[in-house]
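Pasted below: coords.txt, compact mmCIF, C-alpha atoms.
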```
# COMPACT_ATOMS: atom_id res chain seq x y z
CA MET A 1 10.30 -17.81 -3.23
CA PRO A 2 12.52 -18.17 -0.11
CA ASP A 3 10.58 -18.06 3.16
CA LYS A 4 12.21 -14.86 4.40
CA GLU A 5 11.46 -13.02 1.16
CA ARG A 6 7.86 -14.20 1.26
CA TYR A 7 7.54 -13.14 4.90
CA ASN A 8 8.78 -9.62 4.07
CA LEU A 9 6.39 -9.44 1.14
CA ILE A 10 3.45 -10.43 3.36
CA LYS A 11 4.42 -7.72 5.84
CA ALA A 12 4.59 -5.05 3.13
CA ILE A 13 1.31 -6.13 1.53
CA SER A 14 -0.45 -6.15 4.92
CA LEU A 15 0.80 -2.67 5.72
CA ILE A 16 -0.26 -1.30 2.34
CA SER A 17 -3.70 -2.92 2.69
CA ILE A 18 -4.10 -1.35 6.13
CA ALA A 19 -2.97 2.05 4.81
CA THR A 20 -5.56 1.71 2.03
CA GLY A 21 -8.20 0.81 4.63
CA ILE A 22 -7.33 4.04 6.48
CA VAL A 23 -7.76 6.02 3.27
CA GLY A 24 -11.14 4.23 3.08
CA ILE A 25 -11.92 5.63 6.53
CA SER A 26 -11.29 9.11 5.17
CA LEU A 27 -13.59 8.44 2.19
CA GLY A 28 -16.33 7.30 4.59
CA SER A 29 -15.95 10.35 6.79
CA VAL A 30 -15.91 12.68 3.76
CA ALA A 31 -19.18 11.10 2.59
CA ALA A 32 -20.70 11.49 6.07
CA SER A 33 -19.62 15.13 6.22
CA PHE A 34 -21.47 15.74 2.92
CA ASP A 35 -24.59 14.08 4.41
CA VAL A 36 -24.54 11.49 1.63
CA PRO A 37 -26.54 8.37 2.70
CA MET A 38 -24.33 5.51 3.89
CA TRP A 39 -25.26 3.03 1.16
CA ILE A 40 -23.65 5.24 -1.51
CA PRO A 41 -20.00 5.12 -0.32
CA LEU A 42 -20.48 1.47 0.73
CA LEU A 43 -21.85 0.35 -2.62
CA LEU A 44 -19.12 2.31 -4.41
CA SER A 45 -16.38 0.72 -2.32
CA LEU A 46 -17.70 -2.80 -3.00
CA THR A 47 -18.48 -2.50 -6.71
CA VAL A 48 -16.01 0.07 -8.03
CA LEU A 49 -13.00 -0.56 -5.78
CA ALA A 50 -10.94 2.33 -7.17
CA GLY A 51 -10.25 5.12 -4.67
CA ALA A 52 -9.74 8.15 -6.90
CA ALA A 53 -12.91 7.52 -8.91
CA GLU A 54 -14.97 7.04 -5.70
CA PHE A 55 -13.71 10.27 -4.11
CA THR A 56 -14.52 12.10 -7.34
CA PHE A 57 -17.99 10.56 -7.65
CA ILE A 58 -18.98 11.43 -4.07
CA GLY A 59 -17.49 14.90 -4.33
CA MET A 60 -19.42 15.55 -7.53
CA ILE A 61 -22.85 14.30 -6.45
CA ALA A 62 -22.49 16.09 -3.09
CA THR A 63 -22.03 19.36 -4.95
CA GLY A 64 -25.08 18.72 -7.12
CA ALA A 65 -23.57 17.24 -10.30
CA ASN A 66 -25.62 14.85 -12.41
CA PRO A 67 -24.83 11.26 -11.24
CA ILE A 68 -24.40 10.01 -14.81
CA PHE A 69 -21.88 12.77 -15.49
CA ALA A 70 -20.09 11.87 -12.22
CA ALA A 71 -20.04 8.22 -13.34
CA LEU A 72 -18.52 9.11 -16.73
CA THR A 73 -15.83 11.19 -15.02
CA GLY A 74 -15.05 8.18 -12.79
CA ILE A 75 -14.84 5.92 -15.84
CA LEU A 76 -12.38 8.33 -17.44
CA ILE A 77 -10.20 8.17 -14.30
CA ASN A 78 -10.38 4.35 -14.38
CA LEU A 79 -9.29 3.99 -18.02
CA ARG A 80 -5.76 3.23 -16.87
CA HIS A 81 -7.00 -0.23 -15.84
CA LEU A 82 -7.12 -1.24 -19.51
CA PRO A 83 -3.32 -1.36 -19.98
CA PHE A 84 -3.10 -2.81 -16.45
CA GLY A 85 -5.27 -5.72 -17.60
CA LEU A 86 -3.02 -6.38 -20.58
CA SER A 87 0.03 -6.53 -18.30
CA VAL A 88 -1.59 -8.60 -15.56
CA ALA A 89 -3.00 -11.11 -18.07
CA THR A 90 0.55 -12.25 -18.82
CA PHE A 91 0.81 -13.94 -15.40
CA ILE A 92 -2.80 -14.68 -14.35
CA GLU A 93 -4.14 -18.10 -15.39
CA LYS A 94 -7.02 -18.40 -17.83
CA ASN A 95 -9.77 -19.85 -15.67
CA GLY A 96 -12.97 -18.83 -13.91
CA TYR A 97 -11.08 -16.98 -11.18
CA ARG A 98 -10.20 -14.37 -13.79
CA PHE A 99 -13.58 -12.77 -13.28
CA ILE A 100 -12.57 -12.09 -9.68
CA ALA A 101 -8.95 -11.36 -10.59
CA CYS A 102 -9.96 -8.45 -12.80
CA HIS A 103 -12.19 -6.92 -10.12
CA ILE A 104 -9.31 -6.74 -7.61
CA MET A 105 -7.07 -4.98 -10.14
CA ASN A 106 -5.80 -1.74 -8.64
CA ASP A 107 -2.61 0.30 -8.65
CA GLU A 108 -1.12 -1.49 -5.66
CA SER A 109 -1.96 -5.07 -6.67
CA VAL A 110 -0.66 -4.55 -10.23
CA MET A 111 2.57 -3.09 -8.91
CA PHE A 112 3.16 -5.79 -6.31
CA GLY A 113 2.47 -8.40 -8.99
CA LEU A 114 4.78 -6.95 -11.63
CA SER A 115 7.62 -6.37 -9.18
CA GLN A 116 8.09 -10.11 -8.50
CA HIS A 117 10.62 -12.23 -10.36
CA ASN A 118 8.67 -15.24 -11.64
CA ASP A 119 5.10 -15.90 -12.73
CA GLN A 120 4.20 -17.92 -9.64
CA ALA A 121 5.35 -15.14 -7.28
CA LYS A 122 3.73 -12.47 -9.45
CA LYS A 123 0.39 -14.22 -9.35
CA TRP A 124 0.63 -14.78 -5.62
CA ALA A 125 1.55 -11.16 -4.79
CA TYR A 126 -1.20 -9.83 -7.08
CA TRP A 127 -3.90 -11.95 -5.43
CA MET A 128 -2.70 -11.26 -1.88
CA CYS A 129 -2.58 -7.50 -2.34
CA GLY A 130 -5.77 -7.38 -4.41
CA LEU A 131 -7.80 -9.39 -1.89
CA GLY A 132 -6.33 -7.53 1.08
CA ILE A 133 -7.45 -4.20 -0.36
CA CYS A 134 -10.76 -5.62 -1.59
CA ILE A 135 -11.60 -6.62 2.01
CA LEU A 136 -10.11 -3.71 3.99
CA TRP A 137 -11.28 -0.87 1.72
CA PRO A 138 -15.05 -1.31 2.29
CA ILE A 139 -14.48 -1.99 6.00
CA GLY A 140 -12.51 1.26 6.20
CA VAL A 141 -15.28 3.17 4.41
CA PHE A 142 -17.87 1.76 6.84
CA ILE A 143 -15.82 2.66 9.92
CA GLY A 144 -15.12 6.13 8.55
CA TYR A 145 -18.79 6.78 7.94
CA VAL A 146 -19.84 5.60 11.40
CA LEU A 147 -17.14 7.57 13.22
CA SER A 148 -17.64 10.48 10.86
CA LYS A 149 -16.18 13.64 12.35
CA ASN A 150 -14.85 11.91 15.45
CA ILE A 151 -11.75 10.69 13.63
CA PRO A 152 -8.55 12.74 13.43
CA ASP A 153 -7.41 14.01 10.06
CA ILE A 154 -5.44 11.18 8.38
CA TYR A 155 -3.04 13.76 7.00
CA VAL A 156 -1.67 14.26 10.53
CA PHE A 157 -0.20 10.74 10.35
CA GLY A 158 1.24 11.12 6.86
CA ILE A 159 -0.70 8.10 5.60
CA ASP A 160 -1.15 9.72 2.20
CA ALA A 161 2.64 9.48 1.71
CA ALA A 162 2.60 5.67 1.96
CA PHE A 163 1.03 5.09 -1.46
CA PRO A 164 3.49 7.03 -3.68
CA ALA A 165 6.42 5.77 -1.56
CA ILE A 166 5.55 2.11 -2.10
CA LEU A 167 4.99 2.65 -5.82
CA PHE A 168 8.41 4.24 -6.19
CA ALA A 169 10.03 1.49 -4.13
CA LEU A 170 8.52 -1.24 -6.30
CA ILE A 171 9.30 0.51 -9.60
CA LEU A 172 12.94 1.43 -8.84
CA PRO A 173 14.42 -2.03 -9.60
CA MET A 174 12.63 -2.09 -12.98
CA LEU A 175 14.28 1.19 -13.97
CA ARG A 176 17.63 -0.60 -14.27
CA ASN A 177 16.44 -1.58 -17.74
CA LYS A 178 17.48 1.34 -19.96
CA THR A 179 14.51 1.12 -22.35
CA THR A 180 12.04 1.07 -19.45
CA ARG A 181 13.81 4.03 -17.85
CA ASN A 182 13.68 6.15 -21.01
CA ARG A 183 10.01 5.34 -21.56
CA VAL A 184 9.16 6.23 -17.96
CA VAL A 185 11.02 9.55 -18.11
CA LEU A 186 9.43 10.57 -21.43
CA GLY A 187 5.94 9.43 -20.39
CA THR A 188 5.99 11.19 -17.03
CA THR A 189 7.33 14.41 -18.55
CA LEU A 190 4.63 14.46 -21.22
CA SER A 191 1.92 13.81 -18.71
CA LEU A 192 3.09 16.53 -16.29
CA ALA A 193 3.18 18.95 -19.22
CA SER A 194 -0.41 18.08 -20.15
CA ILE A 195 -1.88 18.83 -16.69
CA PRO A 196 -2.97 22.40 -17.52
CA LEU A 197 -4.47 21.28 -20.84
CA LEU A 198 -6.59 18.25 -19.96
CA PRO A 199 -9.39 17.36 -17.49
CA THR A 200 -8.78 15.15 -14.42
CA GLY A 201 -7.91 11.56 -15.26
CA LEU A 202 -6.49 12.14 -18.72
CA PRO A 203 -2.97 13.48 -17.95
CA VAL A 204 -2.00 10.12 -16.40
CA LEU A 205 -2.96 8.39 -19.66
CA VAL A 206 -0.81 10.78 -21.69
CA SER A 207 2.20 9.02 -20.15
CA MET A 208 1.50 6.07 -22.47
CA PHE A 209 3.08 8.07 -25.30
CA GLY A 210 6.39 7.34 -23.57
CA LEU A 211 6.05 3.79 -24.96
CA LEU A 212 6.63 5.08 -28.47
CA LEU A 213 10.34 5.01 -27.68
CA LYS A 214 11.59 1.84 -29.33
CA GLY A 215 13.23 -0.92 -27.35
CA LYS A 216 16.67 -2.27 -28.28
CA SER A 217 15.37 -5.77 -28.95
CA LYS A 218 13.45 -4.68 -32.04
CA MET B 1 -27.79 16.46 -3.19
CA LYS B 2 -29.94 17.61 -6.04
CA TYR B 3 -30.80 14.22 -7.51
CA SER B 4 -32.93 11.35 -6.14
CA GLU B 5 -31.28 8.30 -4.58
CA SER B 6 -32.53 6.02 -7.34
CA TYR B 7 -30.87 8.22 -9.95
CA ILE B 8 -27.65 8.11 -7.94
CA PHE B 9 -27.96 4.31 -7.83
CA ILE B 10 -28.05 4.26 -11.62
CA GLY B 11 -24.95 6.47 -11.65
CA ILE B 12 -23.12 4.02 -9.39
CA ALA B 13 -24.24 1.09 -11.56
CA VAL B 14 -22.87 2.83 -14.67
CA LEU B 15 -19.57 3.58 -12.94
CA ALA B 16 -19.22 0.04 -11.54
CA LEU B 17 -20.11 -1.66 -14.80
CA GLY B 18 -17.90 0.65 -16.86
CA THR B 19 -14.96 0.09 -14.52
CA TYR B 20 -15.45 -3.69 -14.56
CA LEU B 21 -15.57 -3.74 -18.36
CA ILE B 22 -12.37 -1.68 -18.58
CA ARG B 23 -10.64 -4.08 -16.19
CA TYR B 24 -11.91 -7.15 -18.01
CA SER B 25 -11.21 -5.89 -21.52
CA GLY B 26 -7.46 -5.91 -20.84
CA PHE B 27 -7.67 -9.64 -20.03
CA TYR B 28 -9.97 -10.24 -22.98
CA LEU B 29 -7.67 -8.53 -25.48
CA ALA B 30 -4.58 -10.21 -24.09
CA ASP B 31 -6.09 -13.65 -24.78
CA ARG B 32 -6.86 -12.85 -28.37
CA ILE B 33 -3.60 -11.28 -29.41
CA THR B 34 -0.46 -13.38 -29.47
CA PHE B 35 2.46 -11.49 -28.05
CA LYS B 36 6.09 -11.83 -28.97
CA GLU B 37 8.74 -11.48 -26.31
CA HIS B 38 9.41 -7.79 -26.95
CA HIS B 39 5.69 -7.08 -26.78
CA LYS B 40 5.67 -8.53 -23.29
CA GLN B 41 8.35 -6.02 -22.37
CA LEU B 42 6.17 -3.30 -23.86
CA LEU B 43 3.17 -4.38 -21.76
CA ALA B 44 5.20 -4.53 -18.56
CA ASP B 45 6.61 -1.10 -19.41
CA SER B 46 3.14 0.35 -20.01
CA ALA B 47 2.08 -0.50 -16.46
CA CYS B 48 5.42 0.74 -15.19
CA VAL B 49 5.10 4.09 -16.99
CA LEU B 50 1.52 4.58 -15.76
CA LEU B 51 2.34 3.72 -12.17
CA PHE B 52 5.45 5.88 -12.06
CA THR B 53 3.43 8.81 -13.37
CA LEU B 54 0.73 8.04 -10.83
CA ALA B 55 3.35 8.00 -8.06
CA ILE B 56 4.66 11.42 -9.17
CA PHE B 57 1.10 12.81 -9.33
CA ASN B 58 0.28 11.44 -5.90
CA THR B 59 3.42 12.97 -4.46
CA LEU B 60 2.83 16.41 -5.95
CA PHE B 61 -0.95 16.64 -5.62
CA SER B 62 -3.59 15.75 -3.06
CA GLU B 63 -6.82 15.39 -4.98
CA THR B 64 -6.57 18.45 -7.26
CA HIS B 65 -4.38 20.85 -5.32
CA PHE B 66 -0.65 20.99 -4.60
CA SER B 67 0.15 18.57 -1.80
CA GLY B 68 2.77 20.59 0.09
CA ILE B 69 6.42 20.27 1.05
CA SER B 70 5.97 17.72 3.87
CA LYS B 71 4.66 14.95 1.64
CA ILE B 72 7.22 15.62 -1.10
CA VAL B 73 10.12 15.48 1.38
CA GLY B 74 8.64 12.41 3.10
CA VAL B 75 8.33 10.52 -0.19
CA ALA B 76 11.79 11.67 -1.34
CA VAL B 77 13.44 10.38 1.84
CA ALA B 78 11.56 7.10 1.47
CA VAL B 79 12.82 6.76 -2.12
CA VAL B 80 16.41 7.10 -0.86
CA PHE B 81 15.72 4.27 1.61
CA ALA B 82 14.22 2.18 -1.21
CA TRP B 83 17.26 2.89 -3.39
CA LYS B 84 19.53 1.75 -0.54
CA LYS B 85 17.53 -1.51 -0.62
CA TYR B 86 15.84 -1.23 2.76
CA SER B 87 12.76 -3.47 3.08
CA LEU B 88 9.38 -2.23 1.87
CA ILE B 89 8.11 -1.95 5.44
CA VAL B 90 10.93 0.45 6.34
CA VAL B 91 10.25 2.49 3.19
CA ILE B 92 6.53 2.86 4.00
CA LEU B 93 7.16 3.73 7.65
CA VAL B 94 9.86 6.29 6.77
CA ALA B 95 7.52 8.01 4.30
CA MET B 96 4.75 8.28 6.89
CA LEU B 97 7.05 9.23 9.77
CA VAL B 98 8.92 11.99 7.93
CA THR B 99 5.70 13.44 6.45
CA ALA B 100 3.90 13.34 9.80
CA SER B 101 6.85 14.91 11.65
CA LEU B 102 7.15 17.78 9.20
CA ARG B 103 3.41 18.42 9.40
CA TYR B 104 3.62 18.32 13.19
CA LEU B 105 6.23 21.09 12.96
CA GLY B 106 3.70 23.15 11.04
CA ILE B 107 5.14 22.74 7.53
CA PRO B 108 2.30 22.40 4.97
```
Represent the supplied structure as structure tokens.
Amino acid sequence: MPDKERYNLIKAISLISIATGIVGISLGSVAASFDVPMWIPLLLSLTVLAGAAEFTFIGMIATGANPIFAALTGILINLRHLPFGLSVATFIEKNGYRFIACHIMNDESVMFGLSQHNDQAKKWAYWMCGLGICILWPIGVFIGYVLSKNIPDIYVFGIDAAFPAILFALILPMLRNKTTRNRVVLGTTLSLASIPLLPTGLPVLVSMFGLLLKGKSK
Amino acid sequence: MKYSESYIFIGIAVLALGTYLIRYSGFYLADRITFKEHHKQLLADSACVLLFTLAIFNTLFSETHFSGISKIVGVAVAVVFAWKKYSLIVVILVAMLVTASLRYLGIP
């Protein structure tokens, strides 16, 4: 990878990790506002490391749901990491570090990894983004809990727009491939259509049916 | 909270373990199946399809409710910048800036 390209990638990954840390702050402050003890959001952020599932878990137990039921709902939301693992395994080496590599698997790290052009760069971007988020997310949660209601609403700064924007930006170049594009369009359409029919977490998985469209190479 | 902290701890353990197993099983399966070249394309596409859908969902919804015009416009403008091949930093900052400005003006 040329130095300039790598430098730009580091900048983007740093910014996304910081944005994720700020979302962590909001998770911490949400937990504090529910009067949930601090160890719960902290332990979640360290061991689960998947934002949507953690927000759901805390929201559910705060409103009196059974913790096991909340855990199962979170697992349902996290099912998308199974196909992620299959994709990421194509460029991550088979050694002991894999046990760490799979823990730092999240939407951002998978996307940054896949969007690179060769295996070396893919691996590097995946690890950088994964570790960045793995470190900044729990720190964010801790800060958010301590500051609690003294922090301004993160929505004021539009930080929630950073995540979808970066995903789109990283996916766009891949859509030049016609097969990929057709699969994406079909999958997304199916999954939007299934929103009223299915519980949280499942509609995203419905998009996998888009893969049934056959590629030209077959 | 209706349930004791130790019960909640078990809940977190179940969630963490389940999530780890899901993440690991992708790696595990990938080692045991030999993929042809067009299967690799299929795997890359599967992540692509999921993430694109996730991006659409995250644009349209905040948690479970409709996210509002500001975020949708902010993300849309950022996508135009991405399409015009501006750097990722610019894309992220544009998304945040446009969304924040619209919200400042009182648009939901």
List every residue of segment 64-126 of chain A that has an atom at most 12 Å from any atom of segment 174-193 of chain A, and for each one report the closest atom pair and its distance in Å to one decimal, counting all atoms listed in the file, with rows sorted by chain and then by increasing residue number, as CSV.
```
residue,atom,partner,partner_atom,distance
A:Met111,CA,A:Met174,CA,10.9
A:Leu114,CA,A:Met174,CA,9.3
A:Ser115,CA,A:Met174,CA,7.6
A:Gln116,CA,A:Met174,CA,10.2
A:His117,CA,A:Met174,CA,10.7
```
Dump as a VMD selection string the residues of chain A that approach chain B to within 6 Å, counting only C-alpha atoms.
chain A and resid 12 47 to 48 62 64 67 to 68 71 75 81 to 82 84 to 87 89 102 156 to 159 161 to 162 164 to 165 169 180 184 188
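Going from atom CA of Gly140 of chain A to atom CA of Arg98 of chain A covers 25.5 Å.
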Hey, can I get the axis-aligned box for segment 196-207 of chain A? All listed atoms, 5 Å padding on each side, centre and edge lengths in Å to one decimal, as AutoDock Vina command-line options.
```
--center_x -3.6 --center_y 15.4 --center_z -18.1 --size_x 21.6 --size_y 24.0 --size_z 17.3
```
Expressed in Å to a single decimal, how great is the separation between atom CA of Ser148 of chain A and atom CA of Phe34 of chain A?
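Value for the atom CA of Ser148 of chain A-atom CA of Phe34 of chain A distance: 10.3 Å.
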Separating atom CA of Trp127 of chain A from atom CA of Gly113 of chain A, to the nearest tenth of an Å, is a gap of 8.1 Å
So, counting only C-alpha atoms, which residue among A:Val204, A:Ile154, A:Val110, A:Val88 is closest to Ala19 of chain A?
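Among A:Val204, A:Ile154, A:Val110, A:Val88, it is A:Ile154 that comes nearest to Ala19 of chain A.
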Close residues, Leu131 of chain A itself excluded, 10 Å, all atoms listed in the file, min 6 positions apart in chain, as a list in words:
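Final neighbour list, sorted by chain and number: Ser17, Ile100, Ala101, His103, Ile104, Met105, Ser109, Ala125 and Trp137 of chain A.
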